[in-house]
Amino acid sequence: VRTLRSCHQPHVGGWPTSAEGCSPGAPPALTVVVVSQVIAVTVLGAIVVATGGWSEAGPQLWFAAAAGVVGPAAMLCFYRALALGPMGVVSPLGALGGVMVPLGVAVVLGERPGLLQLAGVVVAVAGVVLAGGPQTGGAPVQRQTLLLTLVAALGFGSVMALIAEASTTLTGLFLALFVQRVCNVVVGGSALLISVRRGTPALPEGGLSVVVASLPALAFVGLADVAANGTYNLAAHSGPVTIAAVLASLYPVVTALAARGLLGERLRAVQATGAGLALVGTVLLTTG
């Protein structure tokens with residue numbers, strides 16, 4: 001959390017140009033993304049071989065490949081928007097897109113939540129937005145920032161919708177996640193290469209030894225991301241997508257609470273309210 005957040009501050013051209021502005025000795029954000037996804041590819045590749053997942057190869061893997069391309073592109077747009085505009089505007093809008101796209105797809109495909117579930121959706125979505133710490137005052141937000149944020153939001157939601165269609169069996173899911181991560185590495189690695197060619201160092205102060213020392217944390221980041229996508233796929237196939245999408249989009253609440261517990265940050269009143277509303281919405285969803 002500390003590594004990724006601290007490296008998103010605006011610098012020359014809106015991107016971090018060095019370790020300046022990052023936690024001392026912390027790997028740059030793009031390096032964190034690429035290394036964590038390489039670890040995930042390695043683990044998933046071993047699982048696919050062990051479970052015979054290659055036998056599940058089929059046209060549905062194009063959904064996984066699309067998710068693997070869209071996800072990093074959306075994240076890069078999100079980081080760029082954070083560098084250009086206030087987090088209090090970018091974060092809530094990004095989270096909102098992550099829930100609205102899968103919800104829209106589910107409704108188009110014929111899902112109709114009950115009254116209590118519909119109320120839970122409204123309350124939980126409001127909680128998600130508030131947990132991101134929305135900002136209404138201050139200087140006007142640039143059009144480029146809003147455009148990048150909306151592209152990122154659409155991308156986040158599209159990844160959830162695509163990964164839900166990528167497989168229907170457990171072994172097929174391992175293969176789909178493997179394909180998605182391979183595409184993540186290709187896109188993220190390309191972005192890192194471009195960044196290095198523009199003069200941004202790929203390694204932090206201290207060199208490769210810092211990255212090696214960070215491998216346990218990077219492995220957790222990569223594998224937790226895999227687990228999130230995988231469990232969402234299973235949830236979307238075992239119950240209403242509307243409920244799965246809303247519950248999966250509660251990550252701003254988790255981020256706010258993690259920042260409080262791990263970094264010692266105090267929750268703003270609007271964030272605490274959002275966390276409470278998200279909890280109420282979750283209860284309504286699960287009891288409806």
# chains A, B, ... in the order shown; residues from 1 in each chain; ligands from 1
$ residues_around --residues "Thr242 of chain A" --least-positions-apart "4" --cutoff "10 Å" --atoms "only C-alpha atoms" --output "PyMOL selection string"
chain A and resi 99-100+102-107+111-113+117-118+121+236+246-247+285
$ select_by_dssp --residues "segment 26-116 of chain A" --states "alpha helix (DSSP H)" --output "number ranges by chain"
A: 29-51, 61-84, 87-108, 115-116
$ closest_residue --among "A:Leu192, A:Val211, A:Leu277, A:Val185" --to "Val38 of chain A" --atoms "only C-alpha atoms"
A:Val185
$ closest_residue --among "A:Gln60, A:Ser190, A:Thr51, A:Thr171" --to "Leu76 of chain A" --atoms "only C-alpha atoms"
A:Ser190
$ closest_residue --among "A:Val33, A:Ala202, A:Leu234, A:Leu82" --to "Ser167 of chain A" --atoms "only C-alpha atoms"
A:Leu234
$ closest_residue --among "A:Val49, A:Ala219, A:Leu177, A:Val241" --to "Gly68 of chain A" --atoms "only C-alpha atoms"
A:Leu177
$ atom_distance --atom1 "atom CA of Val108 of chain A" --atom2 "atom CA of Ile163 of chain A"
17.3 Å
$ residues_around --residues "Phe78 of chain A" --least-positions-apart "2" --cutoff "10 Å" --atoms "only C-alpha atoms" --output "number ranges by chain"
A: 8, 72-76, 80-84, 90-91, 94, 145, 148-153, 155-156
$ write_last_selection --atoms "C-alpha atoms" --output "PDB file, in the first residue's frame"
ATOM      1  CA  HIS A   8       1.607   8.261  -7.475  1.00  0.00           C
ATOM      2  CA  PRO A  72      -3.129  -2.687 -17.041  1.00  0.00           C
ATOM      3  CA  ALA A  73      -4.281  -0.026 -19.508  1.00  0.00           C
ATOM      4  CA  ALA A  74      -7.042   0.994 -17.100  1.00  0.00           C
ATOM      5  CA  MET A  75      -4.591   1.054 -14.193  1.00  0.00           C
ATOM      6  CA  LEU A  76      -2.154   3.253 -16.123  1.00  0.00           C
ATOM      7  CA  ARG A  80      -2.139   9.195 -14.704  1.00  0.00           C
ATOM      8  CA  ALA A  81      -5.439  10.675 -13.514  1.00  0.00           C
ATOM      9  CA  LEU A  82      -4.189  10.557  -9.911  1.00  0.00           C
ATOM     10  CA  ALA A  83      -1.075  12.441 -10.987  1.00  0.00           C
ATOM     11  CA  LEU A  84      -3.121  15.135 -12.734  1.00  0.00           C
ATOM     12  CA  VAL A  90     -10.468  10.262  -9.167  1.00  0.00           C
ATOM     13  CA  SER A  91     -10.790   7.462  -6.609  1.00  0.00           C
ATOM     14  CA  GLY A  94     -12.875   4.845 -10.562  1.00  0.00           C
ATOM     15  CA  THR A 145      -8.324  14.066 -15.702  1.00  0.00           C
ATOM     16  CA  LEU A 148      -8.713   9.378 -17.991  1.00  0.00           C
ATOM     17  CA  THR A 149     -10.725   8.538 -14.882  1.00  0.00           C
ATOM     18  CA  LEU A 150     -13.773   7.507 -16.898  1.00  0.00           C
ATOM     19  CA  VAL A 151     -11.615   5.340 -19.190  1.00  0.00           C
ATOM     20  CA  ALA A 152     -10.059   3.725 -16.113  1.00  0.00           C
ATOM     21  CA  ALA A 153     -13.478   3.162 -14.531  1.00  0.00           C
ATOM     22  CA  GLY A 155     -11.693  -0.596 -17.849  1.00  0.00           C
ATOM     23  CA  PHE A 156     -11.997  -1.772 -14.234  1.00  0.00           C
TER      24      PHE A 156
END
